[in-house]
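*Asks:* Data file entry25.txt (compact mmCIF, C-alpha atoms) is appended below.
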```txt
# COMPACT_ATOMS: atom_id res chain seq x y z
CA MET A 7 118.70 -133.21 29.68
CA ASP A 8 117.13 -132.61 33.09
CA PRO A 9 114.01 -134.82 33.18
CA THR A 10 112.38 -132.47 35.70
CA LYS A 11 112.27 -129.60 33.21
CA ALA A 12 109.13 -129.17 31.19
CA ARG A 13 109.36 -130.23 27.55
CA PRO A 14 107.99 -127.71 25.05
CA ALA A 15 105.01 -128.68 22.98
CA PRO A 16 105.88 -130.23 19.62
CA PRO A 17 105.19 -127.97 16.65
CA ASP A 18 102.79 -130.40 15.00
CA GLY A 19 100.55 -130.57 18.04
CA SER A 20 101.10 -134.26 18.64
CA ALA A 21 101.31 -133.62 22.35
CA ALA A 22 100.16 -130.89 24.58
CA ALA A 23 102.75 -129.09 26.65
CA GLY A 24 103.46 -131.17 29.72
CA GLY A 25 100.76 -133.66 28.69
CA SER A 26 100.27 -136.86 26.79
CA PRO A 27 100.40 -137.16 23.00
CA ALA A 28 97.13 -136.41 21.21
CA ARG A 29 94.98 -139.24 19.94
CA PHE A 30 96.33 -140.72 16.71
CA SER A 31 99.28 -138.32 16.87
CA ALA A 32 101.54 -140.81 15.08
CA LEU A 33 99.36 -140.50 11.97
CA ARG A 34 100.38 -136.82 11.74
CA GLN A 35 103.86 -138.00 10.80
CA ARG A 36 103.96 -138.61 7.07
CA ASP A 37 106.09 -141.75 6.87
CA PHE A 38 104.18 -143.60 9.55
CA ALA A 39 100.86 -142.62 8.00
CA LEU A 40 102.02 -144.03 4.67
CA LEU A 41 103.19 -147.31 6.19
CA TRP A 42 100.10 -147.66 8.36
CA SER A 43 97.74 -147.17 5.42
CA GLY A 44 99.65 -149.68 3.32
CA LEU A 45 99.58 -152.28 6.10
CA LEU A 46 95.83 -151.87 6.52
CA PHE A 47 95.27 -152.90 2.89
CA SER A 48 97.95 -155.60 2.90
CA ASN A 49 96.77 -157.26 6.12
CA THR A 50 93.23 -157.36 4.77
CA GLY A 51 94.50 -159.20 1.70
CA THR A 52 96.48 -161.61 3.85
CA TRP A 53 93.42 -162.51 5.92
CA MET A 54 91.41 -163.00 2.73
CA GLN A 55 94.00 -165.46 1.45
CA THR A 56 94.11 -167.28 4.80
CA VAL A 57 90.39 -168.02 4.64
CA ALA A 58 90.38 -168.92 0.94
CA GLN A 59 93.48 -171.07 1.31
CA GLY A 60 91.96 -173.08 4.17
CA TRP A 61 88.79 -173.70 2.19
CA LEU A 62 90.85 -174.66 -0.87
CA VAL A 63 92.80 -177.24 1.16
CA ILE A 64 89.70 -178.83 2.65
CA THR A 65 88.11 -178.86 -0.83
CA LEU A 66 91.14 -180.53 -2.43
CA THR A 67 91.66 -183.16 0.26
CA ASP A 68 88.54 -183.54 2.47
CA SER A 69 91.07 -184.01 5.27
CA PRO A 70 91.68 -181.90 8.41
CA GLY A 71 95.09 -183.56 8.55
CA TRP A 72 96.17 -181.55 5.51
CA LEU A 73 95.07 -178.36 7.27
CA GLY A 74 97.51 -179.39 9.99
CA ALA A 75 100.23 -180.01 7.40
CA VAL A 76 99.81 -176.51 5.96
CA ALA A 77 99.88 -175.07 9.47
CA LEU A 78 103.09 -176.99 10.19
CA ALA A 79 104.69 -175.62 7.01
CA ARG A 80 103.75 -172.10 8.10
CA SER A 81 105.13 -172.63 11.60
CA LEU A 82 108.60 -173.97 10.81
CA PRO A 83 110.16 -170.67 9.58
CA TYR A 84 108.73 -168.79 12.57
CA LEU A 85 110.45 -171.21 14.92
CA VAL A 86 113.99 -170.38 13.77
CA ILE A 87 114.12 -167.26 11.57
CA PRO A 88 112.74 -164.35 13.69
CA PRO A 89 115.81 -164.07 16.00
CA MET A 90 118.05 -163.89 12.94
CA GLY A 91 115.64 -161.43 11.33
CA GLY A 92 115.95 -159.22 14.40
CA VAL A 93 119.73 -159.15 14.09
CA LEU A 94 119.47 -158.43 10.32
CA ALA A 95 117.21 -155.49 11.12
CA ASP A 96 120.06 -154.05 13.22
CA ARG A 97 122.68 -154.64 10.52
CA LEU A 98 120.93 -153.61 7.28
CA ASP A 99 118.90 -150.65 6.06
CA ARG A 100 115.44 -151.51 7.38
CA ILE A 101 113.41 -149.85 4.64
CA ARG A 102 115.38 -151.62 1.91
CA LEU A 103 115.04 -154.92 3.76
CA LEU A 104 111.28 -154.44 3.95
CA LYS A 105 111.14 -153.75 0.20
CA VAL A 106 112.75 -157.16 -0.36
CA THR A 107 110.49 -159.08 2.03
CA GLN A 108 107.30 -157.42 0.76
CA THR A 109 108.24 -158.09 -2.87
CA LEU A 110 108.90 -161.75 -2.11
CA SER A 111 105.55 -162.06 -0.34
CA MET A 112 103.76 -160.47 -3.31
CA LEU A 113 105.42 -162.83 -5.81
CA LEU A 114 104.56 -165.90 -3.73
CA ALA A 115 100.90 -164.86 -3.51
CA ALA A 116 100.85 -164.26 -7.27
CA LEU A 117 102.35 -167.70 -7.89
CA LEU A 118 99.61 -169.39 -5.85
CA ALA A 119 97.01 -167.36 -7.76
CA GLY A 120 98.51 -168.37 -11.10
CA LEU A 121 98.64 -172.08 -10.22
CA THR A 122 95.05 -171.98 -9.02
CA ALA A 123 93.80 -170.07 -12.07
CA ALA A 124 95.53 -172.60 -14.36
CA GLY A 125 93.74 -175.44 -12.58
CA VAL A 126 96.97 -177.24 -11.68
CA VAL A 127 97.24 -176.34 -8.00
CA THR A 128 97.77 -179.23 -5.57
CA VAL A 129 97.88 -179.35 -1.81
CA TRP A 130 101.66 -179.69 -2.01
CA HIS A 131 101.86 -176.35 -3.83
CA VAL A 132 99.93 -174.79 -0.93
CA VAL A 133 102.26 -176.40 1.63
CA ILE A 134 105.46 -175.22 -0.08
CA LEU A 135 104.22 -171.69 -0.73
CA ALA A 136 102.96 -171.41 2.86
CA PHE A 137 106.46 -172.32 4.05
CA LEU A 138 108.16 -169.75 1.80
CA SER A 139 105.68 -166.99 2.68
CA SER A 140 106.29 -167.54 6.39
CA ALA A 141 110.04 -167.43 5.81
CA ALA A 142 109.73 -163.98 4.21
CA ASN A 143 107.42 -162.74 6.96
CA SER A 144 109.78 -164.07 9.65
CA VAL A 145 112.26 -161.39 8.58
CA ASP A 146 109.61 -158.79 7.76
CA GLN A 147 107.94 -158.86 11.19
CA PRO A 148 110.91 -157.95 13.45
CA THR A 149 112.17 -155.47 10.85
CA ARG A 150 108.87 -153.56 10.86
CA ASN A 151 108.88 -153.49 14.65
CA ALA A 152 112.44 -152.15 14.67
CA LEU A 153 111.59 -149.49 12.06
CA LEU A 154 108.91 -147.74 14.13
CA PRO A 155 111.33 -145.73 16.34
CA ASP A 156 113.01 -144.55 13.13
CA ILE A 157 109.86 -142.96 11.69
CA VAL A 158 108.01 -141.67 14.79
CA ARG A 159 109.18 -139.58 17.70
CA GLN A 160 109.67 -141.22 21.07
CA GLU A 161 106.61 -139.59 22.63
CA ASP A 162 104.45 -141.00 19.81
CA LEU A 163 105.89 -144.53 19.89
CA MET A 164 103.18 -146.09 22.07
CA ASN A 165 100.55 -144.43 19.91
CA ALA A 166 102.18 -145.90 16.80
CA ILE A 167 102.33 -149.40 18.31
CA SER A 168 98.63 -149.22 19.22
CA LEU A 169 97.69 -148.04 15.73
CA ASN A 170 99.80 -150.80 14.20
CA SER A 171 97.83 -153.40 16.15
CA VAL A 172 94.62 -151.88 14.75
CA THR A 173 95.77 -152.64 11.19
CA PHE A 174 95.93 -156.34 12.04
CA GLN A 175 92.80 -156.44 14.21
CA GLY A 176 90.73 -154.42 11.77
CA ALA A 177 91.90 -156.61 8.89
CA ALA A 178 91.02 -159.72 10.92
CA LEU A 179 87.48 -158.37 11.21
CA VAL A 180 86.99 -157.36 7.56
CA GLY A 181 89.22 -159.69 5.52
CA PRO A 182 87.71 -163.08 6.42
CA ALA A 183 84.12 -161.90 5.97
CA VAL A 184 84.93 -160.39 2.57
CA ALA A 185 86.80 -163.53 1.50
CA GLY A 186 83.85 -165.74 2.39
CA VAL A 187 81.73 -163.79 -0.10
CA LEU A 188 84.36 -163.30 -2.82
CA VAL A 189 85.31 -166.98 -3.01
CA HIS A 190 81.74 -167.65 -4.12
CA TYR A 191 81.85 -165.02 -6.90
CA ILE A 192 85.46 -164.81 -8.14
CA GLY A 193 86.85 -168.14 -6.96
CA PHE A 194 89.99 -169.03 -5.05
CA ALA A 195 92.34 -167.63 -7.72
CA GLY A 196 90.57 -164.26 -7.69
CA VAL A 197 91.04 -163.91 -3.92
CA PHE A 198 94.72 -164.87 -4.21
CA TRP A 199 95.24 -162.26 -6.95
CA LEU A 200 93.69 -159.60 -4.72
CA ASN A 201 96.11 -160.52 -1.94
CA ALA A 202 99.07 -160.24 -4.30
CA ILE A 203 97.89 -156.80 -5.41
CA SER A 204 97.45 -155.69 -1.78
CA PHE A 205 101.21 -155.91 -1.18
CA LEU A 206 101.65 -153.02 -3.62
CA ALA A 207 100.12 -150.71 -1.00
CA VAL A 208 103.04 -151.34 1.39
CA LEU A 209 105.65 -151.23 -1.37
CA ILE A 210 104.38 -147.87 -2.63
CA ALA A 211 104.48 -146.54 0.93
CA LEU A 212 108.06 -147.74 1.40
CA PHE A 213 109.20 -146.05 -1.82
CA LEU A 214 107.50 -142.79 -0.81
CA MET A 215 108.98 -142.69 2.70
CA ARG A 216 111.60 -139.99 3.29
CA SER A 217 113.01 -140.83 6.73
CA PRO A 218 116.47 -142.40 6.82
CA SER A 219 116.46 -145.84 8.40
CA GLN A 220 118.44 -145.15 11.55
CA HIS A 221 119.93 -148.19 13.19
CA LYS A 222 122.98 -149.27 15.13
CA ARG A 223 125.34 -151.52 13.24
CA LEU A 224 126.41 -154.40 15.45
CA GLN A 225 130.14 -155.05 15.63
CA THR A 226 129.91 -158.65 16.78
CA SER A 227 128.93 -161.74 14.83
CA LEU A 228 125.38 -162.94 14.24
CA ALA A 229 126.06 -166.08 16.25
CA HIS A 230 127.34 -164.04 19.21
CA GLU A 231 124.24 -161.80 19.25
CA LEU A 232 121.94 -164.80 19.06
CA ALA A 233 123.78 -166.53 21.88
CA GLU A 234 123.63 -163.41 24.06
CA GLY A 235 119.87 -163.31 23.68
CA VAL A 236 119.50 -166.97 24.64
CA ARG A 237 121.75 -166.55 27.67
CA PHE A 238 119.80 -163.55 28.93
CA ILE A 239 116.46 -165.39 28.65
CA ALA A 240 117.90 -168.46 30.40
CA ARG A 241 119.15 -166.28 33.29
CA SER A 242 115.92 -164.28 33.67
CA ARG A 243 113.41 -166.64 35.28
CA LEU A 244 110.51 -164.22 34.86
CA VAL A 245 111.14 -163.63 31.15
CA LEU A 246 111.61 -167.37 30.61
CA ASN A 247 108.37 -168.21 32.42
CA LEU A 248 106.46 -165.58 30.44
CA LEU A 249 107.77 -167.00 27.17
CA VAL A 250 106.94 -170.57 28.24
CA LEU A 251 103.41 -169.47 29.16
CA SER A 252 103.08 -167.63 25.86
CA GLY A 253 104.29 -170.70 23.96
CA LEU A 254 101.87 -173.07 25.70
CA PHE A 255 98.98 -170.71 25.07
CA SER A 256 99.93 -170.40 21.39
CA ILE A 257 100.22 -174.15 20.84
CA PHE A 258 96.97 -175.18 22.51
CA GLY A 259 94.97 -171.95 22.85
CA ARG A 260 95.26 -170.37 19.40
CA SER A 261 95.37 -173.48 17.21
CA TYR A 262 91.57 -173.59 16.84
CA THR A 263 91.92 -171.32 13.80
CA THR A 264 93.59 -174.12 11.83
CA LEU A 265 90.57 -176.40 12.28
CA MET A 266 88.06 -173.68 11.44
CA PRO A 267 87.42 -174.88 7.84
CA ALA A 268 86.88 -178.47 9.04
CA PHE A 269 84.68 -177.26 11.91
CA ALA A 270 82.54 -175.20 9.52
CA ARG A 271 82.14 -177.98 7.00
CA GLU A 272 82.09 -181.19 9.04
CA VAL A 273 80.61 -180.05 12.35
CA LEU A 274 78.36 -177.08 11.54
CA HIS A 275 77.66 -178.34 7.98
CA THR A 276 77.85 -174.83 6.53
CA ASN A 277 79.62 -173.04 3.66
CA GLU A 278 82.50 -170.66 2.91
CA ARG A 279 80.45 -167.58 3.80
CA ALA A 280 79.91 -168.88 7.32
CA LEU A 281 83.61 -169.73 7.47
CA GLY A 282 84.42 -166.07 6.80
CA LEU A 283 82.17 -165.07 9.71
CA LEU A 284 83.87 -167.60 11.98
CA TYR A 285 87.26 -166.10 11.16
CA SER A 286 85.94 -162.55 11.63
CA ALA A 287 84.33 -163.09 15.04
CA PRO A 288 87.61 -163.20 17.03
CA GLY A 289 88.70 -160.04 15.21
CA LEU A 290 85.61 -158.22 16.47
CA GLY A 291 86.33 -159.41 20.00
CA THR A 292 89.95 -158.37 19.67
CA LEU A 293 89.00 -154.81 18.73
CA VAL A 294 86.55 -154.50 21.62
CA GLY A 295 88.97 -156.08 24.10
CA GLY A 296 91.80 -153.84 22.99
CA PHE A 297 89.75 -150.64 23.37
CA LEU A 298 88.42 -151.73 26.77
CA LEU A 299 91.92 -152.53 28.02
CA ALA A 300 93.19 -149.16 26.79
CA ALA A 301 90.32 -147.39 28.57
CA ALA A 302 91.09 -149.24 31.82
CA GLY A 303 94.61 -147.81 31.94
CA ASP A 304 97.37 -149.61 33.81
CA VAL A 305 95.83 -152.52 35.73
CA ARG A 306 98.01 -152.94 38.79
CA ASP A 307 97.55 -156.63 39.47
CA LYS A 308 98.77 -158.05 36.18
CA SER A 309 99.11 -161.55 37.64
CA ARG A 310 95.32 -161.81 37.79
CA LEU A 311 95.03 -160.77 34.16
CA LEU A 312 97.49 -163.50 33.22
CA ILE A 313 95.86 -166.42 35.00
CA GLY A 314 92.36 -165.06 34.42
CA GLY A 315 93.02 -164.75 30.70
CA ILE A 316 94.28 -168.33 30.51
CA LEU A 317 91.46 -169.94 32.49
CA VAL A 318 88.66 -167.93 30.88
CA SER A 319 90.08 -168.60 27.41
CA ALA A 320 90.23 -172.33 28.17
CA GLY A 321 86.58 -172.33 29.23
CA LEU A 322 85.48 -170.40 26.16
CA LEU A 323 87.42 -172.67 23.80
CA ALA A 324 85.78 -175.71 25.38
CA GLY A 325 82.42 -174.03 24.81
CA PHE A 326 83.31 -173.38 21.18
CA ALA A 327 84.19 -177.05 20.67
CA LEU A 328 80.72 -177.99 21.93
CA ALA A 329 78.81 -175.21 20.12
CA PRO A 330 75.65 -176.70 18.57
CA SER A 331 75.23 -174.15 15.74
CA LEU A 332 76.75 -171.15 13.98
CA VAL A 333 75.37 -168.30 16.13
CA PRO A 334 76.62 -169.61 19.51
CA ALA A 335 79.97 -170.39 17.90
CA LEU A 336 80.26 -166.79 16.64
CA VAL A 337 79.43 -165.32 20.05
CA ILE A 338 81.95 -167.55 21.81
CA LEU A 339 84.68 -166.76 19.28
CA ALA A 340 84.13 -163.03 19.74
CA LEU A 341 84.61 -163.51 23.49
CA VAL A 342 87.73 -165.61 22.83
CA GLY A 343 89.20 -162.76 20.77
CA GLY A 344 88.57 -160.21 23.52
CA VAL A 345 90.00 -162.32 26.36
CA THR A 346 93.02 -163.38 24.29
CA THR A 347 93.80 -159.72 23.56
CA VAL A 348 93.87 -158.91 27.27
CA TYR A 349 96.16 -161.86 27.99
CA THR A 350 98.52 -161.13 25.09
CA ALA A 351 98.78 -157.42 25.91
CA THR A 352 99.60 -158.22 29.54
CA THR A 353 102.30 -160.73 28.57
CA THR A 354 103.86 -158.33 26.06
CA THR A 355 103.86 -155.47 28.56
CA LEU A 356 105.60 -157.56 31.24
CA LEU A 357 108.20 -158.80 28.74
CA GLN A 358 109.02 -155.25 27.66
CA VAL A 359 109.20 -153.95 31.23
CA ASN A 360 111.45 -156.76 32.42
CA ALA A 361 113.87 -156.76 29.45
CA PRO A 362 116.65 -154.13 29.29
CA GLY A 363 116.65 -151.85 26.26
CA ALA A 364 119.76 -153.43 24.73
CA MET A 365 118.13 -156.87 24.86
CA ARG A 366 114.50 -155.98 24.19
CA GLY A 367 114.58 -156.67 20.46
CA ARG A 368 115.87 -160.19 20.92
CA VAL A 369 113.45 -160.91 23.76
CA MET A 370 110.53 -159.74 21.63
CA SER A 371 111.80 -161.78 18.69
CA TYR A 372 111.36 -164.91 20.80
CA ASN A 373 107.88 -163.74 21.66
CA THR A 374 107.32 -163.56 17.90
CA VAL A 375 108.45 -167.18 17.73
CA ALA A 376 105.87 -168.07 20.37
CA LEU A 377 103.04 -166.13 18.74
CA LEU A 378 103.64 -166.75 15.03
CA GLY A 379 105.68 -169.96 15.10
CA LEU A 380 104.08 -172.07 17.78
CA THR A 381 100.49 -171.19 16.87
CA PRO A 382 100.54 -172.96 13.48
CA PHE A 383 102.67 -175.70 15.07
CA GLY A 384 99.83 -176.23 17.52
CA GLY A 385 97.46 -176.14 14.55
CA ALA A 386 99.41 -179.01 13.01
CA ILE A 387 99.00 -181.02 16.21
CA SER A 388 95.27 -180.24 16.29
CA GLY A 389 94.86 -181.15 12.63
CA PHE A 390 96.49 -184.54 13.05
CA ALA A 391 94.55 -185.15 16.27
CA ALA A 392 91.27 -184.30 14.51
CA GLU A 393 92.09 -186.91 11.88
CA PHE A 394 91.90 -189.63 14.54
CA MET A 395 89.52 -188.37 17.22
CA GLY A 396 87.29 -185.92 15.36
CA VAL A 397 87.22 -182.14 15.16
CA ARG A 398 85.11 -181.49 18.27
CA THR A 399 87.19 -183.79 20.48
CA ALA A 400 90.49 -182.32 19.26
CA LEU A 401 89.31 -178.77 19.99
CA PHE A 402 87.98 -179.73 23.43
CA ALA A 403 91.23 -181.52 24.32
CA GLY A 404 93.24 -178.46 23.38
CA ALA A 405 91.07 -176.28 25.65
CA VAL A 406 91.63 -178.63 28.60
CA ILE A 407 95.39 -178.62 28.04
CA VAL A 408 95.41 -174.79 27.95
CA GLY A 409 93.73 -174.57 31.34
CA VAL A 410 95.72 -177.30 33.06
CA ALA A 411 99.17 -176.45 31.66
CA GLY A 412 98.70 -172.70 32.18
CA ALA A 413 97.61 -173.18 35.79
CA LEU A 414 100.58 -175.49 36.50
CA VAL A 415 103.16 -173.05 35.08
CA PHE A 416 101.55 -170.17 36.93
CA ALA A 417 101.46 -172.10 40.22
CA ALA A 418 105.14 -173.07 39.87
CA SER A 419 106.31 -169.48 39.33
CA PRO A 420 106.11 -167.10 42.32
CA LEU A 421 107.39 -164.29 40.06
CA LEU A 422 104.40 -164.63 37.76
CA ARG A 423 102.02 -164.58 40.69
CA SER A 424 103.51 -161.35 42.06
CA GLN A 425 103.39 -159.21 38.91
CA ARG A 426 101.84 -155.90 39.88
CA ALA A 427 102.60 -152.44 38.59
CA GLU A 428 104.96 -151.62 41.44
CA THR A 429 106.93 -154.88 41.15
CA ALA A 430 107.26 -154.55 37.39
CA ALA A 431 108.44 -150.96 37.74
CA ALA A 432 111.02 -152.02 40.30
CA ALA A 433 112.31 -154.69 37.93
```
Render the structure in this file as structure tokens.

*Replies:*
Amino acid sequence: MDPTKARPAPPDGSAAAGGSPARFSALRQRDFALLWSGLLFSNTGTWMQTVAQGWLVITLTDSPGWLGAVALARSLPYLVIPPMGGVLADRLDRIRLLKVTQTLSMLLAALLAGLTAAGVVTVWHVVILAFLSSAANSVDQPTRNALLPDIVRQEDLMNAISLNSVTFQGAALVGPAVAGVLVHYIGFAGVFWLNAISFLAVLIALFLMRSPSQHKRLQTSLAHELAEGVRFIARSRLVLNLLVLSGLFSIFGRSYTTLMPAFAREVLHTNERALGLLYSAPGLGTLVGGFLLAAAGDVRDKSRLLIGGILVSAGLLAGFALAPSLVPALVILALVGGVTTVYTATTTTLLQVNAPGAMRGRVMSYNTVALLGLTPFGGAISGFAAEFMGVRTALFAGAVIVGVAGALVFAASPLLRSQRAETAAAA
């Protein structure tokens, strides 16, 4: 098709003739609207369980080290499974695969609820179930990302990706605050049961979807496809540096969430309701930061967003570690959420622009490893460090490492320092 010829307006009005897609145009497509609605409920339940689970662990053990152990159990599957999950998403029917992963996640949440309701739950139950839940989500995450082009048209894809991020960010704002209240009234088991029920929203959506799961069946072996992805990343210095930077930021810049229950209880001397607010504050900042970045359009000098995001985040995290009371801590965390969103969006954009289409899924799967695998791994490090040096000191040390390590990687990579719109487009 001649790209210079005007494309007629879609019949559903998702885009104007010769213009950009309408706002929220992806929601006009039935299958995406079903999945999006289900994810909004399910992500809210997941955030509720995250808050309740952290408070349960600190209640059972009185030890921030066990918070680190749970974080480590959550991180291990994300370190190895997402690349294989990405290949599975290209080999199997994606909707059927999602039905399996969502069902497993629901059953695991129900098991934790049952153990807690029976009064027999131990910290080891939490550790094991956290590991298994992450294993299921390690396949679910790349599969959901691969499914989007199957259920929305190409011109609505960016709109769908943006709306998908809203389901997580909105849930991060609402879920923790609700959990902080519900734990007081219905207990830990009640919150876990609600999370298990929330998975039904996604499962119902998947069973109601009509679109065939279009995908290309790979003819080579799983090992060959994995090796090809690793070789490409090793050859591409820019992609490798971006992933290294993303990994460092995840280990030392996002791990504060693991210590949140200990910070609320041992440093601020507050309760589970305040803990819910602490978890919600970054979600509020994330929403605001995301909308502001979208309104700004394409910022040309992306290198400044990268290094600025790292250094400003490091300063804010240091301020959070030294926060004297709840209100300053909430304000700082909201700012952390906004700045982190800008940094993460910039990194993701540069990775997508600099990875060829045939390799983009595998490149993004390693970004999933950095975001979802290394963050709880960093939380494990922070938890064990807090056991020996205290919560405040561990958080402050992590902030310093973020700033120093990020600046060193950035200084050693001329390609990172030269990332502007025109250079990325040329790549």

*Asks:* Residues at most 12 Å from Gly384 in chain A, counting all atoms listed in the file, excluding those fewer than 5 positions away in the same chain, as number ranges by chain?

*Replies:* A: 73-82, 253-265, 376-379, 389-391, 400-401, 404-405, 407-408

*Asks:* May I ask for the distance between CA of Ala177 in chain A and CA of Leu317 in chain A, given in Å to one decimal place?

*Replies:*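 CA of Leu317 in chain A lies 27.1 Å from CA of Ala177 in chain A.
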
*Asks:* For a test of reading the model, state the distance in Å between CA of Ala136 in chain A and CA of Ala320 in chain A, rounded to one decimal.

*Replies:*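 The value is 28.3 Å.
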
*Asks:* How far is it from CA of Ala324 in chain A to CA of Ala351 in chain A, in Å with one decimal?

*Replies:*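 The value is 22.4 Å.
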
*Asks:* Might you pull out every residue within 8 Å of Ala123 in chain A, with all atoms listed in the file counted and same-chain residues fewer than 3 positions away left off, and present them as a ChimeraX atom specification?

*Replies:* /A:119-120,126,195-196

*Asks:* Given the choices A:Ala178, A:Val410, A:Ala116, A:Ala141, which gets closest to Ala340 in chain A if the distance is worked out from all atoms listed in the file?

*Replies:* A:Ala178

*Asks:* Take the point (87.1, -167.8, 11.7) in the file's coordinates, draw a sphere of radius 10 Å around it, and report as a PyMOL selection string every protein, DNA or RNA residue with an atom inside or on it, counting only C-alpha atoms.

*Replies:* chain A and resi 56-57+178-179+182-183+262-267+269-270+280-289+335-336+339-340

*Asks:* Find the spatial neighbours of Leu312 in chain A, counting only C-alpha atoms, within a cut-off of 8 Å - ignore same-chain residues fewer than 4 positions away - and output them as a list in words.

*Replies:*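 Here the qualifying residues turn out to be Lys308, Ile316, Tyr349, Thr352 and Thr353 of chain A.
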
*Asks:* So, with all atoms listed in the file as the atoms that count, which of A:Phe194, A:Phe238, A:Phe137, A:Trp130 lies closest to Pro83 in chain A?

*Replies:*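 Checking each candidate against Pro83 in chain A, we get A:Phe137 as the closest.
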
*Asks:* Looking at only C-alpha atoms, which of A:Gly325, A:Leu246, A:Ile157, A:Ser204 is the one that sits closest to Thr109 in chain A?

*Replies:*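 For Thr109 in chain A, the nearest of the given residues is A:Ser204.
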
*Asks:* Please report as JSON lines every residue of range 263-379 of chain A lying within 10 Å of range 91-96 of chain A, along with the nearest atom pair and their distance in Å (one decimal), using only C-alpha atoms.

*Replies:*
```
{"residue": "A:Gly367", "atom": "CA", "partner": "A:Gly92", "partner_atom": "CA", "distance": 6.7}
{"residue": "A:Arg368", "atom": "CA", "partner": "A:Gly92", "partner_atom": "CA", "distance": 6.6}
{"residue": "A:Val369", "atom": "CA", "partner": "A:Gly92", "partner_atom": "CA", "distance": 9.8}
{"residue": "A:Met370", "atom": "CA", "partner": "A:Gly92", "partner_atom": "CA", "distance": 9.1}
{"residue": "A:Ser371", "atom": "CA", "partner": "A:Gly92", "partner_atom": "CA", "distance": 6.5}
{"residue": "A:Tyr372", "atom": "CA", "partner": "A:Gly92", "partner_atom": "CA", "distance": 9.7}
```

*Asks:* Tell me which of A:Leu41, A:Ala207, A:Leu244, A:Ile387 sits closest to Pro70 in chain A, counting only C-alpha atoms.

*Replies:*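 Ranked by minimum distance to Pro70 in chain A, first place goes to A:Ile387.
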
*Asks:* If we count only C-alpha atoms, what is near Ala329 in chain A at a cut-off of 10 Å, once residues fewer than 6 positions away on the same chain are taken out, given as a CSV table (one decimal) with C-alpha atoms, keeping the file's coordinate frame?

*Replies:*
```csv
chain,number,residue,atom,x,y,z
A,273,VAL,CA,80.6,-180.0,12.4
A,274,LEU,CA,78.4,-177.1,11.5
A,323,LEU,CA,87.4,-172.7,23.8
A,335,ALA,CA,80.0,-170.4,17.9
A,336,LEU,CA,80.3,-166.8,16.6
A,337,VAL,CA,79.4,-165.3,20.0
A,338,ILE,CA,82.0,-167.6,21.8
A,398,ARG,CA,85.1,-181.5,18.3
```

*Asks:* Could you check the closest approach to Leu45 in chain A for each of A:Leu293, A:Met395, A:Val106, A:Val208 and tell me which residue wins, using only C-alpha atoms?

*Replies:*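 That would be A:Val208, the residue with the smallest distance to Leu45 in chain A.
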
*Asks:* Using only C-alpha atoms, find the one residue out of A:Pro88, A:Pro148, A:Gly181, A:Pro334 that sits nearest to Ala58 in chain A.

*Replies:* A:Gly181

*Asks:* Counting all atoms listed in the file, what is within 9 Å of Gln108 in chain A, bar same-chain residues fewer than 5 positions away, as a ChimeraX atom specification?

*Replies:* /A:103,113,142-143,146,205-206,208-209
